[in-house]
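S.K.: Below is upload00.json; it holds JSON, C-alpha atoms (C1' of nucleotides).
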[["chain", "number", "residue", "atom", "x", "y", "z"],
["A", 781, "MET", "CA", 3.06, -1.58, 3.40],
["A", 782, "PRO", "CA", 4.53, -2.90, 0.57],
["A", 783, "GLU", "CA", 3.09, -1.23, -2.46],
["A", 784, "LEU", "CA", 2.42, -2.80, -5.85],
["A", 785, "PRO", "CA", 6.04, -3.68, -6.80],
["A", 786, "GLU", "CA", 6.78, -5.21, -3.40],
["A", 787, "VAL", "CA", 3.57, -7.26, -3.44],
["A", 788, "GLU", "CA", 4.21, -8.34, -7.02],
["A", 789, "THR", "CA", 7.69, -9.50, -6.02],
["A", 790, "ILE", "CA", 6.28, -11.50, -3.13],
["A", 791, "ALA", "CA", 3.48, -13.04, -5.20],
["A", 792, "ARG", "CA", 5.93, -14.12, -7.91],
["A", 793, "GLN", "CA", 8.24, -15.73, -5.39],
["A", 794, "LEU", "CA", 5.42, -17.46, -3.58],
["A", 795, "ARG", "CA", 4.04, -18.79, -6.84],
["A", 796, "GLY", "CA", 7.11, -20.96, -7.20],
["A", 797, "LEU", "CA", 7.08, -21.98, -3.56],
["A", 798, "VAL", "CA", 3.51, -22.82, -2.58],
["A", 799, "VAL", "CA", 1.50, -23.60, -5.71],
["A", 800, "GLY", "CA", 0.48, -27.26, -5.58],
["A", 801, "ARG", "CA", 0.90, -27.58, -1.83],
["A", 802, "THR", "CA", -1.99, -28.67, 0.33],
["A", 803, "VAL", "CA", -2.90, -26.90, 3.55],
["A", 804, "SER", "CA", -2.84, -29.16, 6.59],
["A", 805, "GLY", "CA", -3.53, -26.51, 9.20],
["A", 806, "PHE", "CA", -3.81, -22.85, 10.05],
["A", 807, "ARG", "CA", -3.08, -21.25, 13.40],
["A", 808, "ALA", "CA", -3.00, -17.67, 14.60],
["A", 809, "ASP", "CA", -2.52, -16.08, 17.98],
["A", 810, "TRP", "CA", -3.83, -12.63, 17.01],
["A", 811, "HIS", "CA", -7.62, -12.86, 16.90],
["A", 812, "LYS", "CA", -8.10, -9.90, 14.56],
["A", 813, "LEU", "CA", -5.91, -11.48, 11.90],
["A", 814, "THR", "CA", -8.96, -13.06, 10.25],
["A", 815, "ASP", "CA", -11.41, -10.34, 11.29],
["A", 816, "PRO", "CA", -14.38, -10.52, 11.09],
["A", 817, "GLU", "CA", -14.26, -14.33, 10.97],
["A", 818, "PRO", "CA", -12.96, -16.32, 13.93],
["A", 819, "VAL", "CA", -9.58, -17.94, 13.34],
["A", 820, "ALA", "CA", -11.04, -21.39, 14.00],
["A", 821, "LEU", "CA", -13.58, -21.01, 11.22],
["A", 822, "VAL", "CA", -10.96, -19.93, 8.70],
["A", 823, "ALA", "CA", -8.76, -22.82, 9.81],
["A", 824, "ALA", "CA", -11.59, -25.26, 9.26],
["A", 825, "ARG", "CA", -12.35, -23.98, 5.78],
["A", 826, "LEU", "CA", -8.68, -23.82, 4.80],
["A", 827, "GLY", "CA", -7.76, -27.34, 5.91],
["A", 828, "GLY", "CA", -7.27, -29.78, 3.04],
["A", 829, "ARG", "CA", -7.36, -27.06, 0.35],
["A", 830, "ARG", "CA", -4.71, -27.04, -2.36],
["A", 831, "ILE", "CA", -3.17, -23.79, -3.57],
["A", 832, "ASP", "CA", -3.74, -23.53, -7.30],
["A", 833, "ALA", "CA", -2.31, -20.09, -7.98],
["A", 834, "VAL", "CA", -0.79, -17.04, -6.34],
["A", 835, "ARG", "CA", -1.42, -13.61, -7.76],
["A", 836, "ARG", "CA", -1.48, -9.93, -6.87],
["A", 837, "ARG", "CA", -4.48, -7.61, -7.05],
["A", 838, "GLY", "CA", -3.68, -4.05, -6.06],
["A", 839, "LYS", "CA", -1.60, -4.48, -2.91],
["A", 840, "LEU", "CA", -3.30, -7.75, -1.99],
["A", 841, "VAL", "CA", -1.74, -11.19, -2.29],
["A", 842, "VAL", "CA", -4.37, -13.63, -3.53],
["A", 843, "PHE", "CA", -4.03, -17.38, -3.07],
["A", 844, "ASP", "CA", -6.50, -19.17, -5.33],
["A", 845, "LEU", "CA", -7.57, -22.44, -3.76],
["A", 846, "ASP", "CA", -9.11, -25.51, -5.32],
["A", 847, "GLY", "CA", -12.84, -24.95, -5.22],
["A", 848, "ASP", "CA", -14.36, -21.48, -5.38],
["A", 849, "GLU", "CA", -12.49, -19.68, -2.66],
["A", 850, "ALA", "CA", -9.39, -17.57, -2.37],
["A", 851, "LEU", "CA", -7.30, -16.51, 0.59],
["A", 852, "VAL", "CA", -6.75, -12.75, 0.42],
["A", 853, "VAL", "CA", -3.82, -11.34, 2.36],
["A", 854, "SER", "CA", -3.56, -7.63, 3.10],
["A", 855, "LEU", "CA", -0.03, -6.77, 4.23],
["A", 856, "ARG", "CA", -0.84, -3.16, 5.15],
["A", 857, "MET", "CA", 2.18, -1.42, 6.68],
["A", 858, "THR", "CA", 4.44, -4.16, 8.00],
["A", 859, "GLY", "CA", 3.01, -7.51, 6.91],
["A", 860, "LYS", "CA", 5.42, -10.09, 5.53],
["A", 861, "LEU", "CA", 4.76, -13.54, 4.11],
["A", 862, "LEU", "CA", 7.68, -15.79, 4.94],
["A", 863, "PHE", "CA", 7.98, -19.23, 3.40],
["A", 864, "ARG", "CA", 9.91, -21.96, 5.10],
["A", 865, "GLU", "CA", 10.78, -25.51, 4.15],
["A", 866, "ALA", "CA", 10.08, -28.41, 6.49],
["A", 867, "GLY", "CA", 12.26, -28.21, 9.58],
["A", 868, "ALA", "CA", 13.46, -24.66, 8.95],
["A", 869, "PRO", "CA", 13.26, -22.11, 11.79],
["A", 870, "ASP", "CA", 10.02, -20.32, 12.57],
["A", 871, "GLY", "CA", 10.55, -16.82, 11.21],
["A", 872, "ASP", "CA", 10.70, -13.69, 13.35],
["A", 873, "ARG", "CA", 9.05, -12.86, 16.65],
["A", 874, "PHE", "CA", 6.19, -11.01, 14.94],
["A", 875, "VAL", "CA", 4.61, -14.06, 13.34],
["A", 876, "ARG", "CA", 0.85, -13.67, 13.88],
["A", 877, "GLY", "CA", -0.36, -16.65, 11.92],
["A", 878, "THR", "CA", 0.96, -19.71, 10.09],
["A", 879, "ILE", "CA", -0.33, -21.87, 7.28],
["A", 880, "ASP", "CA", 1.09, -25.38, 7.56],
["A", 881, "PHE", "CA", 1.36, -27.57, 4.49],
["A", 882, "ALA", "CA", 0.99, -31.33, 4.33],
["A", 883, "ASP", "CA", 4.65, -31.79, 3.36],
["A", 884, "GLY", "CA", 5.91, -30.03, 6.49],
["A", 885, "SER", "CA", 6.69, -26.67, 4.85],
["A", 886, "ALA", "CA", 4.83, -23.57, 6.00],
["A", 887, "LEU", "CA", 3.95, -19.99, 5.21],
["A", 888, "ALA", "CA", 4.17, -17.57, 8.13],
["A", 889, "PHE", "CA", 2.49, -14.19, 8.29],
["A", 890, "SER", "CA", 4.62, -11.78, 10.27],
["A", 891, "ASP", "CA", 3.27, -8.34, 11.06],
["A", 892, "THR", "CA", 4.83, -5.96, 13.56],
["A", 893, "ARG", "CA", 1.97, -3.51, 13.69],
["A", 894, "LYS", "CA", -0.90, -6.00, 13.45],
["A", 895, "PHE", "CA", -2.73, -4.04, 10.73],
["A", 896, "GLY", "CA", -2.60, -6.89, 8.21],
["A", 897, "ARG", "CA", -5.45, -9.32, 7.57],
["A", 898, "MET", "CA", -5.99, -12.78, 6.08],
["A", 899, "ILE", "CA", -9.50, -13.43, 4.88],
["A", 900, "LEU", "CA", -11.17, -16.21, 2.95],
["A", 901, "VAL", "CA", -13.51, -15.04, 0.22],
["A", 902, "ASP", "CA", -15.41, -16.36, -2.75],
["A", 903, "ARG", "CA", -13.23, -15.79, -5.82],
["A", 904, "THR", "CA", -16.05, -14.00, -7.61],
["A", 905, "GLU", "CA", -16.05, -11.29, -4.95],
["A", 906, "ILE", "CA", -12.61, -10.03, -5.99],
["A", 907, "ALA", "CA", -12.92, -7.07, -8.36],
["A", 908, "PRO", "CA", -11.77, -7.71, -11.95],
["A", 909, "GLU", "CA", -8.58, -5.91, -13.03],
["A", 910, "ARG", "CA", -10.45, -2.99, -14.58],
["A", 911, "GLY", "CA", -12.37, -2.44, -11.38],
["A", 912, "PRO", "CA", -15.98, -3.16, -10.51],
["A", 913, "GLU", "CA", -18.67, -2.23, -13.02],
["A", 914, "ARG", "CA", -20.22, 0.36, -10.81],
["A", 915, "ARG", "CA", -19.06, 2.04, -7.68],
["A", 916, "LEU", "CA", -19.87, -0.04, -4.62],
["A", 917, "ALA", "CA", -21.13, 1.84, -1.64],
["A", 918, "LYS", "CA", -19.53, 0.16, 1.33],
["A", 919, "ALA", "CA", -17.64, -2.87, 0.11],
["A", 920, "PRO", "CA", -14.43, -4.43, 1.40],
["A", 921, "LEU", "CA", -11.26, -3.43, -0.43],
["A", 922, "HIS", "CA", -10.87, -6.63, -2.45],
["A", 923, "ALA", "CA", -14.30, -6.04, -3.99],
["A", 924, "SER", "CA", -13.81, -2.36, -4.77],
["A", 925, "LEU", "CA", -10.27, -2.26, -6.18],
["A", 926, "GLY", "CA", -9.97, -0.20, -9.34],
["A", 927, "MET", "CA", -7.86, -0.34, -12.48],
["A", 928, "GLU", "CA", -4.58, -2.26, -12.45],
["A", 929, "PRO", "CA", -2.00, 0.31, -13.60],
["A", 930, "LEU", "CA", 0.14, -2.31, -15.35],
["A", 931, "SER", "CA", -2.77, -3.83, -17.24],
["A", 932, "ARG", "CA", -3.61, -3.10, -20.86],
["A", 933, "GLY", "CA", -6.68, -1.18, -19.77],
["A", 934, "PHE", "CA", -4.61, 1.53, -18.11],
["A", 935, "THR", "CA", -4.30, 3.76, -21.14],
["A", 936, "VAL", "CA", -3.79, 7.51, -21.43],
["A", 937, "ARG", "CA", -7.40, 7.73, -22.56],
["A", 938, "TRP", "CA", -8.64, 5.84, -19.50],
["A", 939, "LEU", "CA", -6.51, 7.99, -17.19],
["A", 940, "ALA", "CA", -7.73, 11.22, -18.81],
["A", 941, "SER", "CA", -11.32, 10.19, -18.30],
["A", 942, "PHE", "CA", -10.62, 9.10, -14.72],
["A", 943, "LEU", "CA", -8.95, 12.44, -13.91],
["A", 944, "ALA", "CA", -11.89, 14.28, -15.46],
["A", 945, "ARG", "CA", -14.37, 12.32, -13.34],
["A", 946, "ARG", "CA", -12.45, 13.21, -10.20],
["A", 947, "ALA", "CA", -11.55, 16.70, -11.39],
["A", 948, "ARG", "CA", -11.60, 18.45, -8.04],
["A", 949, "ALA", "CA", -9.45, 16.00, -6.12],
["A", 950, "ALA", "CA", -5.77, 16.70, -5.51],
["A", 951, "VAL", "CA", -3.82, 14.38, -7.77],
["A", 952, "LYS", "CA", -1.61, 12.70, -5.17],
["A", 953, "PRO", "CA", -4.32, 11.60, -2.72],
["A", 954, "LEU", "CA", -6.31, 10.47, -5.76],
["A", 955, "LEU", "CA", -3.47, 8.20, -6.87],
["A", 956, "LEU", "CA", -3.42, 6.68, -3.39],
["A", 957, "ASP", "CA", -7.09, 5.70, -3.49],
["A", 958, "GLY", "CA", -7.03, 2.08, -4.63],
["A", 959, "ARG", "CA", -10.65, 2.19, -5.66],
["A", 960, "GLY", "CA", -9.60, 4.30, -8.65],
["A", 961, "ILE", "CA", -6.20, 2.89, -9.57],
["A", 962, "ALA", "CA", -5.09, -0.12, -7.55],
["A", 963, "GLY", "CA", -1.73, -0.66, -5.88],
["A", 964, "ILE", "CA", -0.12, 2.77, -5.90],
["A", 965, "GLY", "CA", 1.19, 3.72, -2.48],
["A", 966, "ASN", "CA", 2.85, 6.77, -1.01],
["A", 967, "ILE", "CA", 6.34, 6.20, -2.36],
["A", 968, "TYR", "CA", 5.47, 5.30, -5.94],
["A", 969, "ALA", "CA", 2.93, 8.13, -6.15],
["A", 970, "ILE", "CA", 5.64, 10.56, -5.04],
["A", 971, "GLU", "CA", 8.21, 9.16, -7.47],
["A", 972, "ALA", "CA", 5.80, 9.09, -10.42],
["A", 973, "LEU", "CA", 4.69, 12.69, -9.85],
["A", 974, "TRP", "CA", 8.31, 13.78, -9.76],
["A", 975, "ARG", "CA", 9.05, 11.95, -13.01],
["A", 976, "ALA", "CA", 5.96, 13.48, -14.63],
["A", 977, "ARG", "CA", 6.89, 16.95, -13.24],
["A", 978, "ILE", "CA", 3.48, 17.35, -11.62],
["A", 979, "HIS", "CA", 2.97, 18.97, -8.21],
["A", 980, "PRO", "CA", 1.21, 16.65, -5.70],
["A", 981, "LEU", "CA", -1.48, 19.24, -4.99],
["A", 982, "ARG", "CA", -2.56, 19.84, -8.58],
["A", 983, "ALA", "CA", -6.28, 19.30, -9.12],
["A", 984, "ALA", "CA", -6.82, 16.15, -11.16],
["A", 985, "GLY", "CA", -8.99, 18.03, -13.61],
["A", 986, "SER", "CA", -6.33, 20.67, -14.22],
["A", 987, "LEU", "CA", -3.79, 18.35, -15.86],
["A", 988, "ARG", "CA", -3.13, 19.21, -19.49],
["A", 989, "ALA", "CA", -3.00, 16.50, -22.14],
["A", 990, "ASP", "CA", 0.81, 16.39, -22.14],
["A", 991, "GLU", "CA", 0.84, 16.09, -18.36],
["A", 992, "THR", "CA", -1.68, 13.26, -18.44],
["A", 993, "ILE", "CA", 0.50, 11.42, -20.96],
["A", 994, "ARG", "CA", 3.55, 11.92, -18.76],
["A", 995, "LEU", "CA", 1.70, 10.74, -15.66],
["A", 996, "GLN", "CA", 0.51, 7.55, -17.33],
["A", 997, "GLU", "CA", 4.02, 6.81, -18.54],
["A", 998, "ALA", "CA", 5.62, 7.74, -15.22],
["A", 999, "LEU", "CA", 3.34, 5.51, -13.17],
["A", 1000, "ARG", "CA", 4.04, 2.50, -15.33],
["A", 1001, "TRP", "CA", 7.75, 3.24, -15.54],
["A", 1002, "VAL", "CA", 8.19, 3.64, -11.79],
["A", 1003, "LEU", "CA", 6.12, 0.56, -10.93],
["A", 1004, "ARG", "CA", 7.91, -1.60, -13.49],
["A", 1005, "LYS", "CA", 11.28, -0.42, -12.30],
["A", 1006, "GLY", "CA", 10.24, -1.22, -8.72],
["A", 1007, "ILE", "CA", 9.40, -4.76, -9.78],
["A", 1008, "ARG", "CA", 12.64, -5.11, -11.72],
["A", 1009, "PHE", "CA", 14.58, -4.15, -8.59],
["A", 1010, "GLY", "CA", 12.73, -6.60, -6.39],
["A", 1011, "GLY", "CA", 10.72, -3.85, -4.66],
["A", 1012, "SER", "CA", 12.08, -1.52, -2.01],
["A", 1013, "SER", "CA", 13.03, -2.34, 1.56],
["A", 1014, "LEU", "CA", 12.81, 0.40, 4.14],
["A", 1015, "SER", "CA", 13.76, -0.47, 7.72],
["A", 1016, "ASP", "CA", 13.62, -4.24, 8.04],
["A", 1017, "TYR", "CA", 11.17, -4.99, 5.26],
["A", 1018, "VAL", "CA", 11.87, -8.25, 3.42],
["A", 1019, "ASP", "CA", 10.27, -10.33, 0.68],
["A", 1020, "ALA", "CA", 8.96, -13.91, 0.87],
["A", 1021, "ARG", "CA", 12.50, -15.27, 0.82],
["A", 1022, "GLY", "CA", 13.56, -12.97, 3.64],
["A", 1023, "GLU", "CA", 15.61, -10.80, 1.29],
["A", 1024, "ARG", "CA", 15.67, -7.05, 0.82],
["A", 1025, "GLY", "CA", 14.73, -5.29, -2.40],
["A", 1026, "ARG", "CA", 17.03, -2.77, -4.09],
["A", 1027, "MET", "CA", 14.55, -0.13, -5.26],
["A", 1028, "GLN", "CA", 15.10, 2.12, -2.22],
["A", 1029, "ARG", "CA", 18.44, 3.15, -3.71],
["A", 1030, "GLU", "CA", 16.69, 4.37, -6.84],
["A", 1031, "PHE", "CA", 14.33, 6.89, -5.24],
["A", 1032, "GLU", "CA", 14.73, 10.34, -6.76],
["A", 1033, "VAL", "CA", 12.78, 12.33, -4.14],
["A", 1034, "TYR", "CA", 11.31, 10.06, -1.46],
["A", 1035, "GLY", "CA", 13.24, 10.61, 1.76],
["A", 1036, "ARG", "CA", 15.55, 13.15, 0.11],
["A", 1037, "ALA", "CA", 14.43, 16.47, 1.63],
["A", 1038, "GLY", "CA", 17.19, 19.04, 1.42],
["A", 1039, "GLU", "CA", 19.06, 17.25, -1.35],
["A", 1040, "PRO", "CA", 19.30, 18.67, -4.86],
["A", 1041, "CYS", "CA", 16.89, 17.44, -7.52],
["A", 1042, "SER", "CA", 18.83, 15.25, -9.96],
["A", 1043, "ARG", "CA", 16.96, 16.85, -12.86],
["A", 1044, "CYS", "CA", 17.11, 20.58, -12.16],
["A", 1045, "GLY", "CA", 19.18, 21.05, -9.01],
["A", 1046, "GLY", "CA", 16.26, 22.50, -7.04],
["A", 1047, "GLU", "CA", 16.11, 21.65, -3.34],
["A", 1048, "ILE", "CA", 13.76, 18.76, -2.61],
["A", 1049, "ARG", "CA", 11.11, 19.60, -0.05],
["A", 1050, "ARG", "CA", 9.07, 17.54, 2.38],
["A", 1051, "THR", "CA", 5.44, 18.56, 2.90],
["A", 1052, "VAL", "CA", 2.33, 16.83, 4.19],
["A", 1053, "VAL", "CA", -0.49, 16.15, 1.74],
["A", 1054, "GLY", "CA", -3.60, 14.36, 2.85],
["A", 1055, "GLY", "CA", -1.86, 13.46, 6.07],
["A", 1056, "ARG", "CA", 1.01, 11.66, 4.31],
["A", 1057, "GLY", "CA", 4.62, 12.72, 4.11],
["A", 1058, "THR", "CA", 5.24, 13.96, 0.59],
["A", 1059, "PHE", "CA", 8.40, 14.92, -1.31],
["A", 1060, "HIS", "CA", 8.72, 17.03, -4.41],
["A", 1061, "CYS", "CA", 11.02, 19.42, -6.22],
["A", 1062, "PRO", "CA", 9.44, 22.89, -6.10],
["A", 1063, "ARG", "CA", 11.40, 23.93, -9.16],
["A", 1064, "CYS", "CA", 10.34, 21.31, -11.65],
["A", 1065, "GLN", "CA", 7.00, 20.44, -10.04],
["A", 1066, "ARG", "CA", 5.29, 23.81, -10.04],
["A", 1067, "ALA", "CA", 2.72, 24.51, -7.34],
["A", 1068, "PRO", "CA", -0.86, 25.23, -8.44],
["A", 1069, "ARG", "CA", -2.04, 28.83, -8.05],
["A", 1070, "ARG", "CA", -4.02, 28.06, -4.93],
["A", 1071, "ARG", "CA", -6.32, 25.38, -3.59],
["A", 1072, "SER", "CA", -8.85, 25.34, -0.82],
["B", 1113, "DG", "C1'", 10.78, 8.90, 28.76],
["B", 1114, "DG", "C1'", 8.51, 11.93, 25.28],
["B", 1115, "DC", "C1'", 7.58, 13.07, 20.56],
["B", 1116, "DG", "C1'", 7.18, 12.29, 15.86],
["B", 1117, "DA", "C1'", 7.80, 9.44, 12.08],
["B", 1118, "DT", "C1'", 6.64, 5.03, 9.40],
["B", 1119, "DG", "C1'", 5.32, 1.81, 3.19],
["B", 1120, "DT", "C1'", -2.16, 1.28, 4.67],
["B", 1121, "DT", "C1'", -6.85, 1.53, 5.20],
["B", 1122, "DT", "C1'", -11.07, 3.03, 7.42],
["B", 1123, "DC", "C1'", -14.09, 5.95, 9.78],
["B", 1124, "DC", "C1'", -16.02, 10.18, 11.48],
["B", 1125, "DC", "C1'", -16.66, 15.06, 10.96],
["B", 1126, "DC", "C1'", -17.33, 19.26, 8.38],
["C", 999, "DA", "C1'", -17.12, 15.18, -3.01],
["C", 1000, "DG", "C1'", -13.18, 15.65, -0.77],
["C", 1001, "DG", "C1'", -10.17, 17.36, 2.93],
["C", 1002, "DG", "C1'", -8.60, 16.90, 7.81],
["C", 1003, "DG", "C1'", -7.78, 14.21, 11.63],
["C", 1004, "DA", "C1'", -7.62, 10.14, 14.23],
["C", 1005, "DA", "C1'", -7.47, 5.35, 14.92],
["C", 1006, "DA", "C1'", -6.08, 0.50, 14.23],
["C", 1007, "DC", "C1'", -0.72, -1.01, 16.35],
["C", 1008, "DA", "C1'", 4.39, -1.34, 17.35],
["C", 1009, "DT", "C1'", 8.93, 0.16, 16.79],
["C", 1010, "DC", "C1'", 12.68, 3.18, 15.99],
["C", 1011, "DG", "C1'", 15.44, 7.42, 16.16],
["C", 1012, "DC", "C1'", 16.40, 11.76, 18.21]]
Show how you would write the structure in this file as structure tokens.

M.R.:
Amino acid sequence: MPELPEVETIARQLRGLVVGRTVSGFRADWHKLTDPEPVALVAARLGGRRIDAVRRRGKLVVFDLDGDEALVVSLRMTGKLLFREAGAPDGDRFVRGTIDFADGSALAFSDTRKFGRMILVDRTEIAPERGPERRLAKAPLHASLGMEPLSRGFTVRWLASFLARRARAAVKPLLLDGRGIAGIGNIYAIEALWRARIHPLRAAGSLRADETIRLQEALRWVLRKGIRFGGSSLSDYVDARGERGRMQREFEVYGRAGEPCSRCGGEIRRTVVGGRGTFHCPRCQRAPRRRS
DNA sequence: GGCGATGTTTCCCC
DNA sequence: AGGGGAAACATCGC
């Protein structure tokens, strides 16, 4: 999926397109789309609701409705939200569900791999931007999301304390766990670690103060740049207007195995960390002594 | 056709 | 706790 910058791009676009519109109907032909609720129940609760706001939390798109509920959309790997005006064509052949508005416009949810979900929740269930007060045992993602990395709370001090709490974890998989810091995905984790000159396998607790400062800066810099470029579009990924982002041309290491590092000339390597394809420059991101 | 890869999350095992 | 592996799916490239 779409990581934080892509979801932010989509939420901003949708804000201008659907806020104020009233839902007249919801249909879906993939029963797991609203899992664990049946589609018919979600449709019934959604009908007649007005969309008051559209925002992003982590990698989730949140539609705040009039009343106490919110529609939470998880795009996962290939989910797209495609807006269309009244009378415009349907979208692509992977549309799994559609929200119809009273004025004839609609919002389609297209998802090739069917991992995405649309669920209706009470607004109070969504974790606040600093994360839930205490760690929830077995809660759905929207309730357990951690710190927003672009919020004021994401300071060097907060990050240092977070890394200390999770001292034994490898830093890259830790960045990918949204319950700690929300919204960072594989690509932006890779790019931020390169910028901060930190090897993906370093233990979180082993980062020195200067490295922690660099990591905090790098995460924010990379995410903000992603937003400024309209997110990245790999393969056929598009935003809510059906357009491609431009961030993919800015990647320094992602997808660049074998190419020289733009900073030091070292040869960029592809490895697998925590089951995910990972790219780094072995020359300016020094490997830790050894990990088990 | 087979194999491996894909931007996410969750679950099970050790 | 945290790492490994697989699964939820479908498509694409070699």

S.K.: Could you please determine the separation between atom CA of Glu971 of chain A and atom CA of Arg1050 of chain A in Å, to one decimal place?

M.R.: 13.0 Å

S.K.: I need the chain B residues near chain A as a list in words; criterion: at most 8 Å, counting all atoms listed in the file.

M.R.: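 That gives DG1119, DT1120 and DT1121 of chain B for chain B.
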
S.K.: Give me the residues of chain A that have any atom at most 12 Å from an atom of chain C; for each, the nearest atom pair and the distance in Å, rounded to one decimal. Use all atoms listed in the file, sort by chain and number, and format it as a Markdown table.

M.R.:
| residue | atom | partner | partner_atom | distance |
| --- | --- | --- | --- | --- |
| A:Lys812 | CA | C:DA1006 | C1' | 10.6 |
| A:Arg856 | CA | C:DA1006 | C1' | 11.1 |
| A:Met857 | CA | C:DC1007 | C1' | 10.1 |
| A:Thr858 | CA | C:DA1008 | C1' | 9.8 |
| A:Phe874 | CA | C:DA1008 | C1' | 10.1 |
| A:Asp891 | CA | C:DA1008 | C1' | 9.5 |
| A:Thr892 | CA | C:DA1008 | C1' | 6.0 |
| A:Arg893 | CA | C:DC1007 | C1' | 4.5 |
| A:Lys894 | CA | C:DC1007 | C1' | 5.8 |
| A:Phe895 | CA | C:DA1006 | C1' | 6.6 |
| A:Gly896 | CA | C:DA1006 | C1' | 10.1 |
| A:Arg897 | CA | C:DA1006 | C1' | 11.9 |
| A:Arg945 | CA | C:DA999 | C1' | 11.1 |
| A:Arg946 | CA | C:DA999 | C1' | 8.8 |
| A:Ala947 | CA | C:DA999 | C1' | 10.2 |
| A:Arg948 | CA | C:DG1000 | C1' | 7.9 |
| A:Ala949 | CA | C:DG1000 | C1' | 6.5 |
| A:Ala950 | CA | C:DG1000 | C1' | 8.9 |
| A:Val951 | CA | C:DG1000 | C1' | 11.8 |
| A:Pro953 | CA | C:DG1000 | C1' | 9.9 |
| A:Leu954 | CA | C:DG1000 | C1' | 9.9 |
| A:Asp957 | CA | C:DG1000 | C1' | 12.0 |
| A:Leu981 | CA | C:DG1001 | C1' | 11.9 |
| A:Ala983 | CA | C:DG1000 | C1' | 11.4 |
| A:Ser1015 | CA | C:DC1010 | C1' | 9.1 |
| A:Asp1016 | CA | C:DT1009 | C1' | 10.9 |
| A:Val1052 | CA | C:DG1002 | C1' | 11.5 |
| A:Val1053 | CA | C:DG1001 | C1' | 9.8 |
| A:Gly1054 | CA | C:DG1001 | C1' | 7.2 |
| A:Gly1055 | CA | C:DG1002 | C1' | 7.8 |
| A:Arg1056 | CA | C:DG1002 | C1' | 11.5 |
| A:Arg1071 | CA | C:DG1001 | C1' | 11.0 |
| A:Ser1072 | CA | C:DG1001 | C1' | 8.9 |

S.K.: Quick check, in Å to one decimal: how far apart do atom CA of Pro929 of chain A and atom CA of Gly1006 of chain A lie?

M.R.: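 Rounded to one decimal, the two atoms are 13.3 Å apart.
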
S.K.: Just give me the gap between atom CA of Glu991 of chain A and atom CA of Ala944 of chain A in Å, one decimal is fine.

M.R.: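 Computing the Euclidean distance for atom CA of Glu991 of chain A and atom CA of Ala944 of chain A yields 13.2 Å.
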
S.K.: Have a look at A:Ser885, A:Thr904, A:Gln1065, A:Thr1058 and name the one nearest to Arg982 of chain A; count all atoms listed in the file.

M.R.: A:Gln1065

S.K.: Neighbours of Ile970 of chain A within 8 Å (only C-alpha atoms (C1' of nucleotides); same-chain residues fewer than 4 positions away dropped), as a list in words?

M.R.: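 My list of contacting residues is Lys952, Asn966, Trp974, Pro980, Val1033, Tyr1034, Thr1058, Phe1059 and His1060 of chain A.
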
S.K.: Write a file of the just-selected residues containing C-alpha atoms, as a CSV table (one decimal), keeping the file's coordinate frame.

M.R.:
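Written output follows (result.csv):
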chain,number,residue,atom,x,y,z
A,952,LYS,CA,-1.6,12.7,-5.2
A,966,ASN,CA,2.8,6.8,-1.0
A,974,TRP,CA,8.3,13.8,-9.8
A,980,PRO,CA,1.2,16.6,-5.7
A,1033,VAL,CA,12.8,12.3,-4.1
A,1034,TYR,CA,11.3,10.1,-1.5
A,1058,THR,CA,5.2,14.0,0.6
A,1059,PHE,CA,8.4,14.9,-1.3
A,1060,HIS,CA,8.7,17.0,-4.4

S.K.: Show me the residues around (6.3, -12.2, -2.3) - criterion: an atom at most 10 Å away, all atoms listed in the file counted - as a PyMOL selection string.

M.R.: chain A and resi 782+785-795+797+834-836+841+860-863+1010-1011+1018-1022

S.K.: Determine the axis-aligned bounding box of all atoms of chain B present in the file, pad each side by 6 Å, and express its centre and edge lengths in Å to one decimal place as JSON.

M.R.:
{"center_x": -3.3, "center_y": 10.3, "center_z": 16.0, "size_x": 40.1, "size_y": 30.0, "size_z": 37.6}

S.K.: As a PyMOL selection string, please: the residues near Asp870 of chain A (cut-off 12 Å, all atoms listed in the file, same-chain neighbours under 4 positions excluded).

M.R.: chain A and resi 862-866+874-880+885-890

S.K.: Will you model N, CA and C atoms for segment 994-1001 of chain A and pass it back as a compact mmCIF listing (two decimals), keeping the file's coordinate frame?

M.R.:
# COMPACT_ATOMS: atom_id res chain seq x y z
N ARG A 994 2.35 12.15 -19.58
CA ARG A 994 3.55 11.92 -18.76
C ARG A 994 3.22 11.14 -17.50
N LEU A 995 2.06 11.43 -16.90
CA LEU A 995 1.70 10.74 -15.66
C LEU A 995 1.45 9.25 -15.92
N GLN A 996 0.77 8.95 -16.99
CA GLN A 996 0.51 7.55 -17.33
C GLN A 996 1.83 6.81 -17.54
N GLU A 997 2.72 7.44 -18.27
CA GLU A 997 4.02 6.81 -18.54
C GLU A 997 4.82 6.67 -17.25
N ALA A 998 4.81 7.73 -16.43
CA ALA A 998 5.62 7.74 -15.22
C ALA A 998 5.16 6.67 -14.23
N LEU A 999 3.86 6.52 -14.09
CA LEU A 999 3.34 5.51 -13.17
C LEU A 999 3.81 4.13 -13.59
N ARG A 1000 3.64 3.83 -14.86
CA ARG A 1000 4.04 2.50 -15.33
C ARG A 1000 5.54 2.31 -15.24
N TRP A 1001 6.29 3.35 -15.56
CA TRP A 1001 7.75 3.24 -15.54
C TRP A 1001 8.26 2.98 -14.13
